>>> print(open('structure-v7.cif').read())   # mmCIF, C-alpha atoms and all ligand atoms
data_target
#
loop_
_atom_site.group_PDB
_atom_site.id
_atom_site.type_symbol
_atom_site.label_atom_id
_atom_site.label_comp_id
_atom_site.auth_asym_id
_atom_site.auth_seq_id
_atom_site.Cartn_x
_atom_site.Cartn_y
_atom_site.Cartn_z
ATOM 1 C CA MET K 319 101.423 112.913 96.724
ATOM 2 C CA LYS K 320 98.707 114.555 94.698
ATOM 3 C CA ILE K 321 100.363 116.973 92.266
ATOM 4 C CA ALA K 322 98.038 119.565 90.813
ATOM 5 C CA ASN K 323 98.141 122.442 88.385
ATOM 6 C CA TYR K 324 96.441 125.139 90.437
ATOM 7 C CA ASP K 325 95.965 128.429 88.646
ATOM 8 C CA GLY K 326 98.946 127.495 86.468
ATOM 9 C CA ARG K 327 101.269 126.739 89.397
ATOM 10 C CA ALA K 328 102.636 123.400 90.562
ATOM 11 C CA SER K 329 100.815 122.552 93.778
ATOM 12 C CA LEU K 330 100.163 119.752 96.214
ATOM 13 C CA ILE K 331 96.699 118.762 97.355
ATOM 14 C CA VAL K 332 96.665 117.860 101.036
ATOM 15 C CA ASP K 333 93.241 117.020 102.421
ATOM 16 C CA GLU K 334 91.060 119.737 100.864
ATOM 17 C CA GLY K 335 93.855 122.292 100.842
ATOM 18 C CA VAL K 336 96.189 123.503 98.112
ATOM 19 C CA ILE K 337 99.870 124.072 98.861
ATOM 20 C CA ASP K 338 102.056 126.006 96.437
ATOM 21 C CA ILE K 339 105.145 123.929 95.694
ATOM 22 C CA GLN K 340 107.440 126.884 95.063
ATOM 23 C CA GLN K 341 106.513 128.353 98.424
ATOM 24 C CA ALA K 342 106.652 125.016 100.270
ATOM 25 C CA SER K 343 110.090 124.207 98.822
ATOM 26 C CA SER K 344 111.532 127.688 99.489
ATOM 27 C CA GLY K 345 111.926 128.157 95.755
ATOM 28 C CA ALA K 346 113.682 124.856 94.976
ATOM 29 C CA PHE K 347 110.824 123.464 92.829
ATOM 30 C CA GLY K 348 108.001 124.954 90.792
ATOM 31 C CA PRO K 349 106.016 126.902 89.852
ATOM 32 C CA ASP K 350 106.404 125.264 86.420
ATOM 33 C CA LEU K 351 104.899 121.758 86.346
ATOM 34 C CA GLN K 352 107.032 120.373 83.538
ATOM 35 C CA SER K 353 110.186 121.149 85.533
ATOM 36 C CA LEU K 354 108.976 118.815 88.318
ATOM 37 C CA TYR K 355 108.851 115.838 85.967
ATOM 38 C CA GLU K 356 112.297 116.630 84.585
ATOM 39 C CA ASP K 357 113.795 116.349 88.057
ATOM 40 C CA PHE K 358 111.218 114.023 89.543
ATOM 41 C CA ALA K 359 113.416 111.817 91.736
ATOM 42 C CA ALA K 360 114.922 114.883 93.372
ATOM 43 C CA PHE K 361 111.470 116.396 93.817
ATOM 44 C CA VAL K 362 110.135 113.269 95.516
ATOM 45 C CA ALA K 363 113.216 113.017 97.726
ATOM 46 C CA ALA K 364 112.865 116.640 98.846
ATOM 47 C CA ALA K 365 109.102 116.613 99.341
ATOM 48 C CA GLY K 366 109.271 115.125 102.818
ATOM 49 C CA ALA K 367 110.863 118.332 104.063
ATOM 50 C CA PHE K 368 108.393 120.735 102.415
ATOM 51 C CA ASP K 369 106.615 123.276 104.590
ATOM 52 C CA LEU K 370 102.965 122.208 104.375
ATOM 53 C CA THR K 371 101.603 124.731 106.840
ATOM 54 C CA LYS K 372 100.328 127.319 104.350
ATOM 55 C CA SER K 373 97.382 126.161 102.276
ATOM 56 C CA VAL K 374 94.358 127.663 100.586
ATOM 57 C CA ALA K 375 90.961 126.034 100.184
ATOM 58 C CA LEU K 376 90.588 124.067 96.965
ATOM 59 C CA ASP K 377 88.512 125.752 94.261
ATOM 60 C CA ARG K 378 88.294 123.047 91.605
ATOM 61 C CA THR K 379 87.633 125.529 88.806
ATOM 62 C CA LYS K 380 91.258 126.635 89.163
ATOM 63 C CA LEU K 381 92.649 123.168 88.401
ATOM 64 C CA GLY K 382 94.410 122.771 85.064
ATOM 65 C CA SER K 383 96.054 119.773 83.454
ATOM 66 C CA PRO K 384 98.772 118.432 85.772
ATOM 67 C CA VAL K 385 100.842 118.021 82.600
ATOM 68 C CA PRO K 386 100.172 121.187 80.597
ATOM 69 C CA LYS K 387 102.971 120.907 78.004
ATOM 70 C CA PRO K 388 104.251 117.365 77.482
ATOM 71 C CA ALA K 389 106.711 116.731 74.670
ATOM 72 C CA GLN K 390 104.751 113.668 73.559
ATOM 73 C CA VAL K 391 101.249 112.336 74.108
ATOM 74 C CA PHE K 392 100.640 108.693 73.233
ATOM 75 C CA ALA K 393 97.212 107.127 73.081
ATOM 76 C CA ILE K 394 96.282 103.498 72.630
ATOM 77 C CA GLY K 395 93.298 102.175 70.692
ATOM 78 C CA LEU K 396 91.394 98.937 71.345
ATOM 79 C CA ASN K 397 93.319 98.218 74.530
ATOM 80 C CA TYR K 398 90.512 96.553 76.512
ATOM 81 C CA PHE K 399 89.149 93.146 75.597
ATOM 82 C CA GLY K 400 85.617 94.380 76.289
ATOM 83 C CA HIS K 401 86.012 97.381 73.978
ATOM 84 C CA ALA K 402 87.481 95.304 71.126
ATOM 85 C CA GLU K 403 84.547 92.931 71.485
ATOM 86 C CA GLU K 404 81.893 95.667 71.429
ATOM 87 C CA ALA K 405 83.602 97.238 68.402
ATOM 88 C CA GLY K 406 83.525 93.855 66.615
ATOM 89 C CA LEU K 407 87.249 94.137 65.939
ATOM 90 C CA PRO K 408 90.045 91.620 66.531
ATOM 91 C CA VAL K 409 92.206 92.094 69.600
ATOM 92 C CA PRO K 410 95.378 93.848 68.363
ATOM 93 C CA ALA K 411 98.648 91.908 68.377
ATOM 94 C CA PHE K 412 100.549 95.153 68.993
ATOM 95 C CA PRO K 413 99.473 98.367 70.778
ATOM 96 C CA ALA K 414 97.421 100.428 68.311
ATOM 97 C CA THR K 415 99.103 103.771 68.903
ATOM 98 C CA PHE K 416 98.228 107.307 67.858
ATOM 99 C CA THR K 417 98.766 110.751 69.356
ATOM 100 C CA LYS K 418 96.618 113.440 70.800
ATOM 101 C CA PHE K 419 98.328 116.739 70.076
ATOM 102 C CA PRO K 420 99.448 118.428 73.324
ATOM 103 C CA SER K 421 97.238 121.427 72.483
ATOM 104 C CA SER K 422 94.183 119.213 73.042
ATOM 105 C CA LEU K 423 94.991 118.766 76.742
ATOM 106 C CA SER K 424 92.785 120.615 79.184
ATOM 107 C CA GLY K 425 91.892 120.893 82.832
ATOM 108 C CA PRO K 426 89.818 118.351 84.751
ATOM 109 C CA PHE K 427 86.737 120.568 85.000
ATOM 110 C CA ASP K 428 87.032 122.379 81.687
ATOM 111 C CA PRO K 429 84.147 122.237 79.212
ATOM 112 C CA VAL K 430 84.462 120.202 76.034
ATOM 113 C CA PRO K 431 83.234 121.787 72.789
ATOM 114 C CA ARG K 432 80.812 119.753 70.709
ATOM 115 C CA THR K 433 82.702 120.156 67.444
ATOM 116 C CA GLY K 434 80.437 117.885 65.409
ATOM 117 C CA GLU K 435 77.512 115.508 65.436
ATOM 118 C CA THR K 436 79.523 112.495 66.592
ATOM 119 C CA VAL K 437 81.561 113.568 69.638
ATOM 120 C CA ASP K 438 82.110 110.549 71.879
ATOM 121 C CA PHE K 439 83.532 109.833 75.337
ATOM 122 C CA GLU K 440 86.325 107.459 76.433
ATOM 123 C CA VAL K 441 87.352 107.312 80.093
ATOM 124 C CA GLU K 442 91.007 106.299 80.403
ATOM 125 C CA LEU K 443 93.809 105.752 82.852
ATOM 126 C CA VAL K 444 96.492 108.341 82.089
ATOM 127 C CA VAL K 445 100.126 107.624 82.925
ATOM 128 C CA VAL K 446 102.775 110.355 83.158
ATOM 129 C CA LEU K 447 106.496 109.659 82.836
ATOM 130 C CA GLY K 448 108.905 110.782 85.544
ATOM 131 C CA ASN K 449 112.065 109.666 83.768
ATOM 132 C CA ALA K 450 113.497 109.491 80.303
ATOM 133 C CA ALA K 451 113.037 105.926 79.097
ATOM 134 C CA ARG K 452 114.452 103.908 76.209
ATOM 135 C CA ASN K 453 114.285 100.130 75.750
ATOM 136 C CA VAL K 454 112.735 99.672 79.183
ATOM 137 C CA ALA K 455 112.539 96.138 80.611
ATOM 138 C CA LEU K 456 109.092 94.887 81.622
ATOM 139 C CA SER K 457 110.059 94.588 85.273
ATOM 140 C CA ASP K 458 111.342 98.196 85.337
ATOM 141 C CA ALA K 459 108.462 99.865 83.520
ATOM 142 C CA TRP K 460 106.549 101.278 86.493
ATOM 143 C CA ASP K 461 109.831 102.776 87.762
ATOM 144 C CA VAL K 462 109.785 105.376 84.982
ATOM 145 C CA VAL K 463 106.260 106.534 85.863
ATOM 146 C CA ALA K 464 105.717 109.677 87.955
ATOM 147 C CA GLY K 465 102.068 108.967 88.610
ATOM 148 C CA VAL K 466 98.608 108.372 87.245
ATOM 149 C CA ALA K 467 95.507 110.461 86.627
ATOM 150 C CA VAL K 468 92.037 110.263 85.131
ATOM 151 C CA GLY K 469 91.697 111.212 81.479
ATOM 152 C CA GLN K 470 89.037 111.555 78.818
ATOM 153 C CA ASP K 471 89.950 110.787 75.233
ATOM 154 C CA PHE K 472 87.117 112.759 73.621
ATOM 155 C CA SER K 473 86.757 111.692 70.011
ATOM 156 C CA GLU K 474 84.979 113.165 66.999
ATOM 157 C CA ARG K 475 84.155 109.862 65.334
ATOM 158 C CA THR K 476 83.399 111.142 61.841
ATOM 159 C CA LEU K 477 86.798 112.787 61.526
ATOM 160 C CA GLN K 478 88.479 109.897 63.350
ATOM 161 C CA PHE K 479 87.422 107.468 60.627
ATOM 162 C CA ALA K 480 87.722 109.842 57.640
ATOM 163 C CA ALA K 481 90.183 109.155 54.818
ATOM 164 C CA GLY K 482 91.243 105.764 56.105
ATOM 165 C CA GLY K 483 91.578 106.902 59.707
ATOM 166 C CA GLN K 484 92.467 110.287 61.185
ATOM 167 C CA PHE K 485 92.701 109.289 64.843
ATOM 168 C CA SER K 486 95.151 112.025 65.807
ATOM 169 C CA LEU K 487 93.017 114.786 64.314
ATOM 170 C CA GLY K 488 89.669 113.372 65.426
ATOM 171 C CA LYS K 489 90.888 113.228 69.013
ATOM 172 C CA SER K 490 92.747 116.548 69.137
ATOM 173 C CA PHE K 491 90.183 119.316 69.064
ATOM 174 C CA GLU K 492 90.905 121.841 71.793
ATOM 175 C CA GLY K 493 89.491 120.579 75.056
ATOM 176 C CA PHE K 494 89.423 116.927 73.923
ATOM 177 C CA GLY K 495 92.033 115.790 76.455
ATOM 178 C CA PRO K 496 91.090 116.708 80.023
ATOM 179 C CA ILE K 497 93.428 115.193 82.625
ATOM 180 C CA GLY K 498 93.244 115.262 86.389
ATOM 181 C CA PRO K 499 91.995 116.119 88.852
ATOM 182 C CA TRP K 500 95.656 115.759 89.848
ATOM 183 C CA LEU K 501 98.541 113.358 89.347
ATOM 184 C CA VAL K 502 98.698 110.717 92.091
ATOM 185 C CA THR K 503 102.181 109.326 92.749
ATOM 186 C CA LEU K 504 102.484 105.561 92.790
ATOM 187 C CA ASP K 505 103.221 105.287 96.525
ATOM 188 C CA GLU K 506 99.549 106.250 97.007
ATOM 189 C CA VAL K 507 98.222 103.763 94.445
ATOM 190 C CA ALA K 508 97.984 100.341 96.055
ATOM 191 C CA ASN K 509 96.447 98.505 93.098
ATOM 192 C CA LYS K 510 98.106 100.181 90.130
ATOM 193 C CA ASP K 511 97.490 97.194 87.833
ATOM 194 C CA ALA K 512 93.848 96.790 88.898
ATOM 195 C CA LEU K 513 92.256 100.232 88.863
ATOM 196 C CA GLN K 514 88.514 100.640 88.443
ATOM 197 C CA LEU K 515 87.401 103.234 85.895
ATOM 198 C CA ARG K 516 83.893 104.556 85.412
ATOM 199 C CA CYS K 517 82.239 107.079 83.169
ATOM 200 C CA PHE K 518 78.841 108.641 83.751
ATOM 201 C CA ILE K 519 76.804 110.741 81.329
ATOM 202 C CA ASN K 520 74.328 112.887 83.280
ATOM 203 C CA ASP K 521 74.749 110.438 86.181
ATOM 204 C CA GLU K 522 73.984 107.396 84.014
ATOM 205 C CA LEU K 523 76.768 104.820 84.313
ATOM 206 C CA VAL K 524 78.038 104.048 80.795
ATOM 207 C CA GLN K 525 81.538 102.629 81.327
ATOM 208 C CA ASP K 526 82.684 100.494 84.257
ATOM 209 C CA ALA K 527 85.767 98.306 84.063
ATOM 210 C CA VAL K 528 89.006 97.350 85.765
ATOM 211 C CA THR K 529 92.407 97.824 84.117
ATOM 212 C CA THR K 530 93.014 94.074 84.418
ATOM 213 C CA ASP K 531 90.865 93.913 81.243
ATOM 214 C CA MET K 532 93.633 95.713 79.317
ATOM 215 C CA VAL K 533 95.056 93.902 76.308
ATOM 216 C CA PHE K 534 98.471 95.479 76.936
ATOM 217 C CA SER K 535 99.270 96.435 80.541
ATOM 218 C CA VAL K 536 100.815 99.791 81.407
ATOM 219 C CA SER K 537 104.181 98.033 81.719
ATOM 220 C CA GLN K 538 103.820 96.396 78.305
ATOM 221 C CA LEU K 539 102.877 99.721 76.719
ATOM 222 C CA ILE K 540 105.992 101.383 78.121
ATOM 223 C CA VAL K 541 108.141 98.506 76.897
ATOM 224 C CA GLU K 542 106.748 98.681 73.364
ATOM 225 C CA LEU K 543 106.726 102.485 73.049
ATOM 226 C CA SER K 544 110.260 102.779 74.430
ATOM 227 C CA LYS K 545 111.526 100.310 71.818
ATOM 228 C CA VAL K 546 110.598 102.854 69.150
ATOM 229 C CA THR K 547 111.286 106.187 70.721
ATOM 230 C CA THR K 548 112.747 107.800 73.804
ATOM 231 C CA LEU K 549 110.005 108.644 76.278
ATOM 232 C CA TRP K 550 110.653 111.956 78.000
ATOM 233 C CA PRO K 551 109.833 113.119 81.525
ATOM 234 C CA GLY K 552 106.321 114.499 81.518
ATOM 235 C CA ASP K 553 105.227 112.443 78.511
ATOM 236 C CA VAL K 554 101.623 111.292 78.701
ATOM 237 C CA ILE K 555 100.122 107.925 77.795
ATOM 238 C CA PHE K 556 96.348 107.585 77.409
ATOM 239 C CA THR K 557 96.144 103.840 77.951
ATOM 240 C CA GLY K 558 92.885 103.057 76.155
ATOM 241 C CA THR K 559 89.205 102.934 76.995
ATOM 242 C CA PRO K 560 87.046 100.049 78.191
ATOM 243 C CA ALA K 561 83.674 99.000 76.796
ATOM 244 C CA GLY K 562 80.658 101.307 76.810
ATOM 245 C CA VAL K 563 81.529 104.133 74.421
ATOM 246 C CA GLY K 564 78.770 105.890 72.504
ATOM 247 C CA ILE K 565 79.618 104.730 68.989
ATOM 248 C CA THR K 566 79.036 101.066 69.844
ATOM 249 C CA ALA K 567 75.742 101.652 71.663
ATOM 250 C CA LYS K 568 72.615 100.502 69.835
ATOM 251 C CA PRO K 569 71.579 102.957 68.584
ATOM 252 C CA PRO K 570 74.830 104.985 68.791
ATOM 253 C CA ARG K 571 74.775 107.651 71.435
ATOM 254 C CA PHE K 572 76.826 110.776 70.906
ATOM 255 C CA LEU K 573 77.257 113.749 73.189
ATOM 256 C CA ALA K 574 74.800 116.648 73.156
ATOM 257 C CA VAL K 575 75.307 120.210 74.323
ATOM 258 C CA GLY K 576 74.578 120.302 78.039
ATOM 259 C CA ASP K 577 75.638 116.719 78.737
ATOM 260 C CA ILE K 578 77.791 116.300 81.825
ATOM 261 C CA VAL K 579 80.572 113.737 81.423
ATOM 262 C CA ARG K 580 81.921 112.506 84.751
ATOM 263 C CA SER K 581 84.914 110.197 84.674
ATOM 264 C CA GLU K 582 86.459 108.588 87.692
ATOM 265 C CA ILE K 583 89.110 106.148 88.765
ATOM 266 C CA VAL K 584 88.488 104.743 92.213
ATOM 267 C CA GLY K 585 91.207 105.929 94.569
ATOM 268 C CA ILE K 586 92.494 108.583 92.139
ATOM 269 C CA GLY K 587 89.654 111.078 91.716
ATOM 270 C CA GLU K 588 87.115 112.320 89.210
ATOM 271 C CA ILE K 589 86.968 114.837 86.411
ATOM 272 C CA ILE K 590 83.791 116.486 85.137
ATOM 273 C CA ASN K 591 83.402 118.030 81.686
ATOM 274 C CA GLU K 592 80.312 119.761 80.385
ATOM 275 C CA VAL K 593 79.629 119.582 76.676
ATOM 276 C CA ILE K 594 79.248 123.071 75.233
ATOM 277 C CA ALA K 595 78.550 124.581 71.834
ATOM 278 C CA PRO K 596 81.786 125.243 69.927
ATOM 279 C CA GLY K 597 83.169 128.720 69.361
HETATM 280 ZN ZN ZN G 1 91.031 106.336 73.659
#
>>> encode(input="structure-v7.cif", output="structure tokens")
Amino acid sequence: MKIANYDGRASLIVDEGVIDIQQASSGAFGPDLQSLYEDFAAFVAAAGAFDLTKSVALDRTKLGSPVPKPAQVFAIGLNYFGHAEEAGLPVPAFPATFTKFPSSLSGPFDPVPRTGETVDFEVELVVVLGNAARNVALSDAWDVVAGVAVGQDFSERTLQFAAGGQFSLGKSFEGFGPIGPWLVTLDEVANKDALQLRCFINDELVQDAVTTDMVFSVSQLIVELSKVTTLWPGDVIFTGTPAGVGITAKPPRFLAVGDIVRSEIVGIGEIINEVIAPG
């Protein structure tokens, strides 16, 4: 299934049509998206009987974040060998974890404000939890995942590295966490441990990698995070960015007003964010 936030309502994308989940389930599920993740196994079990006959044509400007209000958002730094190498930093021995505040999450085609001189791009695989999870075993880790989506971990580098490191603040300006275009459930993801991500700036390819280059796999991240804290249904994990970000380019290349950032994961979809002046 492709689960979308369409005009604020939980929806399914079928072909190029949008189906309202509350309507299709005769009121059993939706319209709130968070409620789907909290009862995800029941939702998946019931979905086969949904009435899919009434759809509207997809207008992508109405898509919001498929996880609008997660309890927790985790993000992982230096989680691709290629990115650690380009940054000239040692490969971490433990997932380098920070948060993006939930208020930074935005829709897949929302603009991103250029809040400073050093706003940078980071295409990422985003994982959304479909179960509560604590002390998860490696072999069970994918079982607690509802699905995956494309994300951008926009980063204001000056603030990120201020005062010894302010990752959470530097990556949490409003609009710095677009997710989408929808959440794809794992039954539709054949190669979930080998997904190809790409990022284009104004159609120039700047990032291109496969998640097999991750230092810590999605399963390992869930294991480590769930040792520390309970992961809740609907929680979001930004799993790190591969090589090719602006700060490591020579010379560094940061985003300008008018730039179009297009991020894709093959088989999942693409999100497009235009850089705009703040305010
Ligand atoms: Zn990142």
>>> resolve_selection(input="structure-v7.cif", expression="the PyMOL selection byres (((chain K and resi 400-402) around 10) and not hetatm)", output="JSON, numbers by chain")
{"K": [395, 396, 397, 398, 399, 403, 404, 405, 406, 407, 408, 409, 410, 527, 531, 532, 533, 558, 559, 560, 561, 562, 563, 566]}
>>> residues_near_ligand(input="structure-v7.cif", ligand="ligand ZN 1 (chain G)", cutoff="10 Å", atoms="only C-alpha atoms and all ligand atoms", output="JSON, numbers by chain")
{"K": [392, 393, 394, 395, 396, 397, 415, 416, 417, 418, 439, 440, 441, 442, 443, 469, 470, 471, 472, 473, 485, 489, 495, 556, 557, 558, 559, 560, 563]}
>>> residues_near_point(input="structure-v7.cif", point="(76.6, 118.7, 78.4)", cutoff="10 Å", atoms="all atoms listed in the file", output="MDAnalysis selection string")
chainID K and resid 429:432 519:520 573:579 591:595
>>> closest_residue(input="structure-v7.cif", among="K:Leu539, K:Gly498, K:Ala375, K:Leu456", to="K:Asp333", atoms="only C-alpha atoms")
K:Ala375
>>> resolve_selection(input="structure-v7.cif", expression="the PyMOL selection byres (((chain K and resi 490) around 8) and not hetatm)", output="NGL selection string")
:K and (418-419 or 421-422 or 473 or 486-489 or 491-495)
>>> closest_residue(input="structure-v7.cif", among="K:Ile589, K:Val584, K:Ile331, K:Ile565", to="K:Val528", atoms="all atoms listed in the file")
K:Val584
>>> atom_distance(input="structure-v7.cif", atom1="atom CA of K:Trp500", atom2="atom CA of K:Asp338")
13.8 Å
>>> resolve_selection(input="structure-v7.cif", expression="the PyMOL selection byres (((chain K and resi 343) around 12) and not hetatm)", output="PyMOL selection string")
chain K and resi 328-330+337-342+344-349+354+360-372
